[in-house]
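What follows is one structure encoded as structure tokens, with my remarks underneath.
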Amino acid sequence: MEEIIKEEESVNESGLNFVEQEIAADLAAGKNGGRLNTRFPPEPNGYLHIGHAKAFIMDFGAAEKFGGTCNLRFDDTNPQKEDMEYVNAIMEDIHWLGYDWGDRLYYASDYFPRLYDLAVRLIKEGKAYVDEQSSEEIARQKGTPTQPGTASPYRDRPIEENLDLFERMNKGEFDEGSMVLRAKIDMASDNMHFRDPIMYRIIKTPHWRTGETWKVYPMYDFAHGQSDYFEGVTHSICTLEFVPHRPLYEHFVKELADETYCPRQIEFNRLNLTYTVMSKRKLLQLVKEGLVNGWDDPRMPTLKGLRRRGYTPSSIKDFVNRIGYTRYEALNHIELLEHSVREDLNKTATRVSVIQNPVKLILDNYPEDKTETMVMDNNPENPAEGTHEMPFSRELWIEREDFMENPPKKFFRLSPDKEVRLKGAYIIKCTGVVKDENGEITEIHATYDPDTRSGLPGADRKVKGTLHWVSVPTATDAEIRDYDRLFSIENPGAFDGDFRELINPDSLKVRHNAKIEPWLAGRIQAGDHYQFQRLGYYVVDPDTTPEHPVFNKTVGLKDSWAKAMKK
């Protein structure tokens with residue numbers, strides 16, 4: 001855990017992170033009239049994951065911190081992969097984390113006419129040409145990082161011919177992949193992105209917003225900076241893989257911008273998480289092949305998945321704040337994310353009694369017709385949360401794991417002739433067990449000490465173990481879904497083989513016969529958080545019904561991060 005401690009310490013320094021420092025310096029220098037406008041530009045071809053959250057927390061957060069604005073712009077330049085389902089989900093996720101774009105909702109498709117006109121202008125100025133080579137030929141002809149590229153045989157075709165071909169491309173006269181529009185820059189540039197990059201390609205799939213108006217669609221490197229300029233964006237904050245793209249971003253933007261206003265690109269490190277894959281392609285593969293139960297599967301790093309698992313907006317923001325923003329890539333520990341949600345839920349989650357793997361406990365000396373009411377704290381961390389009542393009877397459910405016939409030396413739970421306290425109730429002593437024909441324990445018998453009820457003088461008597469419990473007559477059955485890490489190795493993203501081989505077969509365990517206390521059964525609402533006594537933090541799943549409560553495990557009680565920090 002040594003590296004874990006260093007990771008957290010490195011982001012706990014006071015002051016602005018380096019991106020905020022750059023923004024502050026630009027504002028102090030009066031650039032762009034002292035105005036700040038950021039943007040978050042997701043592609044509507046999938047669901048947002050926690051890495052995207054790190055990005056838009058910076059985009060919206062910086063705007064809030066410095067009194068600026070932040071746009072939401074969908075980069076909808078590839079109708080073959082886009083869907084309105086993703087648009088709605090992205091907006092929902094951003095709102096869930098507490099951010100809003102106000103009236104600044106845009107789409108790259110809003111700018112298709114202006115981008116097309118700019119492309120025509122560049123053709124007329126001899127700065128762009130139509131290339132009829134295949135994608136493989138173009139890739140070979142671009143050369144290597146150490147060898148210059150070679151010019152396309154179509155590089156010097158006449159301007160009027162380029163204009164005619166580009167117009168006909170957009171009319172749908174040519175097949176997809178048969179032609180592209182390329183910028184004429186420098187085939188010998190040290191930056192591979194400058195070697196006549198593709199600006200437009202032919203796509204004949206109707207666009208979900210513009211229909212069949214367009215048959216040519218701009219590439220990211222051409223559309224992105226220009227869209228920033230059209231919207232008045234001052235700071236284009238993106239991840240480190242766009243560092244080599246920045247010169248091209250600036251090259252295209254300068255076809256529009258002048259000294260009075262020009263967007264600036266700043267890059268920070270991506271969020272990489274242990275035991276997780278962040279590749280959109282791999283996440284899509286998991287969903288399509290049924291290896292997970294959809295985009296909102298609680299094992300997925302998508303915001304929909306994290307929300308369904310019970311992670312809270314404040315815990316995700318806390319995690320992002322702890323890992324910080326740097327100029328170098330890092331693999332962030334999932335233990336820190338779990339620590340953040342644990343800290344948040346510890347302050348807010350109501351404590352309840354739930355038995356996941358029940359075995360019956362019978363108190364032989366407790367009256368059969370008697371029922372008592374025990375008082376349980378809702379949250380010891382916050383006394384203002386009050387208490388709730390819980391019925392106590394002769395027959396109780398306890399966890400099967402809380403009993404051993406032949407326990408090891410430091411087993412402080414229930415065993416023959418040993419005493420434990422039932423939480424909020426009495427001290428009991430095991431007197432024997434009943435087994436079925438297979439040797440499995442079906443009943444545990446014990447006696448209770450009536451002078452040891454919690455809150456009475458006899459409660460001062462100390463025993464080493466305390467067990468949670470649920471009364472048999474008033475218990476309700478529930479389904480518990482225990483989630484663990486989806487992958488079995490720390491860095492599945494770096495695995496050279498088939499990443500599907502790394503899936504943890506125990507990442508989901510479902511228990512159908514859990515027993516919950518009546519106070520909980522009477523108030524279940526999807527999305528509510530609870531701490532199951534001695535088990536962990538759980539959230540009510542959307543699948544729940546009054547007849548069939550369903551809970552998802554958010555995180556266990558054991559906090560390896562906090563333990564490491566104390567060393």
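Just so we're on the same page: first chain in the structure tokens is A, next is B, and so on; residues restart at 1 for each chain, and ligands are numbered from 1 in the order they show up.
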Could you list, as a PyMOL selection string, every residue within 10 Å of Asn162 (chain A), counting only C-alpha atoms and ignoring same-chain residues fewer than 6 positions away? chain A and resi 120+123-124+126+128-131+154-156+168+181
Restricting it to N, CA and C atoms, dump the selection as a PDB file, in the first residue's frame.
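Result written to result_34.pdb:
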```
ATOM      1  N   VAL A 120     -14.810  24.223 -48.301  1.00  0.00           N
ATOM      2  CA  VAL A 120     -14.830  24.752 -49.671  1.00  0.00           C
ATOM      3  C   VAL A 120     -13.838  25.898 -49.803  1.00  0.00           C
ATOM      4  N   ILE A 123     -10.372  24.534 -50.044  1.00  0.00           N
ATOM      5  CA  ILE A 123     -10.128  23.974 -51.384  1.00  0.00           C
ATOM      6  C   ILE A 123      -9.797  25.103 -52.357  1.00  0.00           C
ATOM      7  N   LYS A 124     -10.584  26.174 -52.313  1.00  0.00           N
ATOM      8  CA  LYS A 124     -10.365  27.309 -53.218  1.00  0.00           C
ATOM      9  C   LYS A 124      -9.009  27.955 -52.996  1.00  0.00           C
ATOM     10  N   GLY A 126      -6.378  26.348 -52.220  1.00  0.00           N
ATOM     11  CA  GLY A 126      -5.333  25.370 -52.493  1.00  0.00           C
ATOM     12  C   GLY A 126      -4.830  24.661 -51.253  1.00  0.00           C
ATOM     13  N   ALA A 128      -6.657  22.213 -49.584  1.00  0.00           N
ATOM     14  CA  ALA A 128      -7.323  20.928 -49.405  1.00  0.00           C
ATOM     15  C   ALA A 128      -7.570  20.302 -50.768  1.00  0.00           C
ATOM     16  N   TYR A 129      -7.637  18.969 -50.793  1.00  0.00           N
ATOM     17  CA  TYR A 129      -7.825  18.262 -52.053  1.00  0.00           C
ATOM     18  C   TYR A 129      -8.562  16.951 -51.812  1.00  0.00           C
ATOM     19  N   VAL A 130      -9.224  16.465 -52.860  1.00  0.00           N
ATOM     20  CA  VAL A 130      -9.918  15.182 -52.801  1.00  0.00           C
ATOM     21  C   VAL A 130      -8.946  14.078 -53.181  1.00  0.00           C
ATOM     22  N   ASP A 131      -8.879  13.063 -52.331  1.00  0.00           N
ATOM     23  CA  ASP A 131      -7.962  11.936 -52.538  1.00  0.00           C
ATOM     24  C   ASP A 131      -8.783  10.679 -52.779  1.00  0.00           C
ATOM     25  N   TYR A 154      -2.931  12.519 -56.039  1.00  0.00           N
ATOM     26  CA  TYR A 154      -4.034  13.453 -56.264  1.00  0.00           C
ATOM     27  C   TYR A 154      -3.799  14.797 -55.566  1.00  0.00           C
ATOM     28  N   ARG A 155      -2.624  14.974 -54.985  1.00  0.00           N
ATOM     29  CA  ARG A 155      -2.364  16.155 -54.153  1.00  0.00           C
ATOM     30  C   ARG A 155      -2.437  17.457 -54.948  1.00  0.00           C
ATOM     31  N   ASP A 156      -2.056  17.403 -56.182  1.00  0.00           N
ATOM     32  CA  ASP A 156      -1.989  18.638 -56.976  1.00  0.00           C
ATOM     33  C   ASP A 156      -3.059  18.700 -58.059  1.00  0.00           C
ATOM     34  N   ARG A 168     -19.904  16.639 -55.339  1.00  0.00           N
ATOM     35  CA  ARG A 168     -20.535  15.382 -55.756  1.00  0.00           C
ATOM     36  C   ARG A 168     -20.431  14.322 -54.655  1.00  0.00           C
ATOM     37  N   LEU A 181     -11.658  14.005 -48.337  1.00  0.00           N
ATOM     38  CA  LEU A 181     -11.066  15.336 -48.492  1.00  0.00           C
ATOM     39  C   LEU A 181      -9.933  15.464 -47.494  1.00  0.00           C
TER      40      LEU A 181
END
```
List the spatial neighbours of Ile398 (chain A) as a PyMOL selection string - criterion: any atom at most 12 Å away, only C-alpha atoms, same-chain residues fewer than 5 positions off excluded. chain A and resi 353-362+403+413-414+422-423+442-445+466-472+475+514-517+533-534
List as JSON, numbers by chain the protein and nucleic acid residues near Leu331 (chain A), meaning an atom at most 8 Å away when only C-alpha atoms are counted, but skip any in the same chain fewer than 6 places from it. {"A": [271, 272, 273, 274]}
Save out the residues we just selected, C-alpha atoms, as an mmCIF file, in the first residue's frame.
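Listing of out_5.cif after writing:
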```cif
data_model
loop_
_atom_site.group_PDB
_atom_site.id
_atom_site.type_symbol
_atom_site.label_atom_id
_atom_site.label_comp_id
_atom_site.auth_asym_id
_atom_site.auth_seq_id
_atom_site.Cartn_x
_atom_site.Cartn_y
_atom_site.Cartn_z
ATOM 1 C CA LEU A 271 -8.560 8.339 -15.216
ATOM 2 C CA ASN A 272 -7.320 4.748 -15.265
ATOM 3 C CA LEU A 273 -8.659 2.468 -12.532
ATOM 4 C CA THR A 274 -7.348 -0.844 -11.233
#
```
DSSP strand (DSSP E or B) residues within region 228-262 of chain A, as a PyMOL selection string: chain A and resi 235-239+258+261
Could you save those same residues with C-alpha atoms as a short mmCIF file (atom, residue, chain, number, x, y, z; two decimals), in the first residue's frame?
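What landed in selection-v9.cif:
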```cif
data_model
loop_
_atom_site.label_atom_id
_atom_site.label_comp_id
_atom_site.auth_asym_id
_atom_site.auth_seq_id
_atom_site.Cartn_x
_atom_site.Cartn_y
_atom_site.Cartn_z
CA HIS A 235 -10.33 26.67 -23.02
CA SER A 236 -10.60 23.24 -24.64
CA ILE A 237 -9.64 20.91 -21.78
CA CYS A 238 -8.98 17.34 -22.88
CA THR A 239 -6.88 14.27 -22.08
CA ASP A 258 -7.43 36.26 -34.86
CA TYR A 261 -10.08 35.55 -29.64
#
```
Could you please determine the separation between CA of Asp482 (chain A) and CA of Arg523 (chain A) in Å, to one decimal place?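 Result for CA of Asp482 (chain A) versus CA of Arg523 (chain A): 21.3 Å, one decimal.
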What lies within 8 Å of Thr234 (chain A) using only C-alpha atoms, ignoring chain neighbours under 5 positions off, as a list of chain:residue names? A:Asn32, A:Arg35, A:Leu36, A:Asn37, A:Thr38, A:Asp228, A:Tyr261, A:Cys262, A:Pro263, A:Arg264
Identify, on the basis of only C-alpha atoms, every residue whose closest approach to Arg500 (chain A) does not exceed 10 Å; exclude the query and any residue fewer than 4 positions from it along the same chain; express the result as an MDAnalysis selection string. chainID A and resid 282 285:286 291 487 492 504
Need to verify the contact set: Thr350 (chain A), 8 Å, only C-alpha atoms, exclusion of same-chain residues closer than 3 positions in sequence. Can you return it as a PDB file with C-alpha atoms, in the first residue's frame?
```
ATOM      1  CA  ASN A 378     -30.252   4.693  12.859  1.00  0.00           C
ATOM      2  CA  ASN A 379     -26.741   6.075  12.561  1.00  0.00           C
ATOM      3  CA  HIS A 529     -28.743   3.550   0.903  1.00  0.00           C
ATOM      4  CA  TYR A 530     -28.309   1.373   3.994  1.00  0.00           C
ATOM      5  CA  GLN A 531     -25.529  -0.084   6.036  1.00  0.00           C
TER       6      GLN A 531
END
```
Considering only C-alpha atoms, state which residue in the set A:Ile428, A:Val277, A:Leu16, A:Ile316 is at the smallest distance from Asp364 (chain A).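 Result for the nearest residue to Asp364 (chain A): A:Ile428.
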Using only C-alpha atoms, which of A:Ile203, A:Val292, A:Ile159, A:Ile266 sits nearest Glu22 (chain A)? A:Ile266
If DSSP is run on the backbone, what residues of region 254-382 of chain A are helix (DSSP H, G or I)? A reply as an MDAnalysis selection string would be ideal. chainID A and resid 280:288 303:309 313:323 334:348
Write out the residues from the selection above, keeping C-alpha atoms, as a short mmCIF file (atom, residue, chain, number, x, y, z; two decimals), in the first residue's frame.
```
data_model
loop_
_atom_site.label_atom_id
_atom_site.label_comp_id
_atom_site.auth_asym_id
_atom_site.auth_seq_id
_atom_site.Cartn_x
_atom_site.Cartn_y
_atom_site.Cartn_z
CA LYS A 280 -15.42 2.09 -24.86
CA ARG A 281 -14.89 -0.71 -27.36
CA LYS A 282 -14.31 -3.27 -24.61
CA LEU A 283 -17.23 -2.02 -22.54
CA LEU A 284 -19.48 -2.34 -25.59
CA GLN A 285 -18.16 -5.85 -26.12
CA LEU A 286 -19.01 -6.79 -22.52
CA VAL A 287 -22.57 -5.58 -23.04
CA LYS A 288 -23.17 -7.05 -26.50
CA LEU A 303 -21.96 6.29 -14.32
CA LYS A 304 -25.22 4.40 -14.77
CA GLY A 305 -23.54 1.29 -13.35
CA LEU A 306 -21.96 3.15 -10.44
CA ARG A 307 -25.28 4.82 -9.65
CA ARG A 308 -27.06 1.46 -9.64
CA ARG A 309 -24.35 0.07 -7.38
CA PRO A 313 -22.17 11.99 -6.69
CA SER A 314 -20.25 13.40 -3.73
CA SER A 315 -18.13 10.25 -3.40
CA ILE A 316 -17.18 10.35 -7.09
CA LYS A 317 -16.29 14.04 -6.85
CA ASP A 318 -14.24 13.35 -3.72
CA PHE A 319 -12.35 10.56 -5.50
CA VAL A 320 -11.61 12.77 -8.52
CA ASN A 321 -10.41 15.55 -6.21
CA ARG A 322 -8.10 13.13 -4.39
CA ILE A 323 -6.44 11.73 -7.52
CA ILE A 334 -9.95 1.33 -6.83
CA GLU A 335 -9.43 1.14 -3.05
CA LEU A 336 -9.41 4.95 -2.97
CA LEU A 337 -12.72 5.12 -4.85
CA GLU A 338 -14.18 2.61 -2.39
CA HIS A 339 -12.78 4.66 0.50
CA SER A 340 -14.51 7.78 -0.82
CA VAL A 341 -17.93 6.13 -1.06
CA ARG A 342 -17.45 4.47 2.33
CA GLU A 343 -16.72 7.82 3.98
CA ASP A 344 -19.77 9.39 2.39
CA LEU A 345 -22.19 6.57 3.20
CA ASN A 346 -20.87 6.21 6.75
CA LYS A 347 -22.27 9.68 7.44
CA THR A 348 -25.64 9.16 5.77
#
```
Residue with the minimum atom-to-atom distance to Glu176 (chain A), picked from A:Asn513, A:Thr205, A:Asn406, A:Thr146 with only C-alpha atoms counted, is A:Thr205
Excluding same-chain residues fewer than 2 positions from Leu557 (chain A), what lies within 7 Å of it counting only C-alpha atoms, as a short mmCIF file (atom, residue, chain, number, x, y, z; two decimals) with N, CA and C atoms, in the first residue's frame?
```cif
data_model
loop_
_atom_site.label_atom_id
_atom_site.label_comp_id
_atom_site.auth_asym_id
_atom_site.auth_seq_id
_atom_site.Cartn_x
_atom_site.Cartn_y
_atom_site.Cartn_z
N LEU A 535 -21.96 -6.07 7.66
CA LEU A 535 -21.81 -6.66 6.32
C LEU A 535 -21.29 -5.68 5.28
N GLY A 536 -21.80 -4.47 5.29
CA GLY A 536 -21.37 -3.51 4.28
C GLY A 536 -22.48 -2.53 3.94
N VAL A 555 -20.30 -1.48 -1.27
CA VAL A 555 -18.92 -1.69 -0.83
C VAL A 555 -18.96 -2.31 0.56
N ASP A 559 -11.91 -1.30 5.08
CA ASP A 559 -11.33 -0.18 4.33
C ASP A 559 -9.81 -0.32 4.29
#
```
Can you tell me how far CA of Asp417 (chain A) sits from CA of Val352 (chain A), in Å to one decimal?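 CA of Asp417 (chain A) sits 28.2 Å away from CA of Val352 (chain A).
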Report the distance between CA of Lys127 (chain A) and CA of Pro244 (chain A) in Å, rounded to one decimal place. 21.0 Å
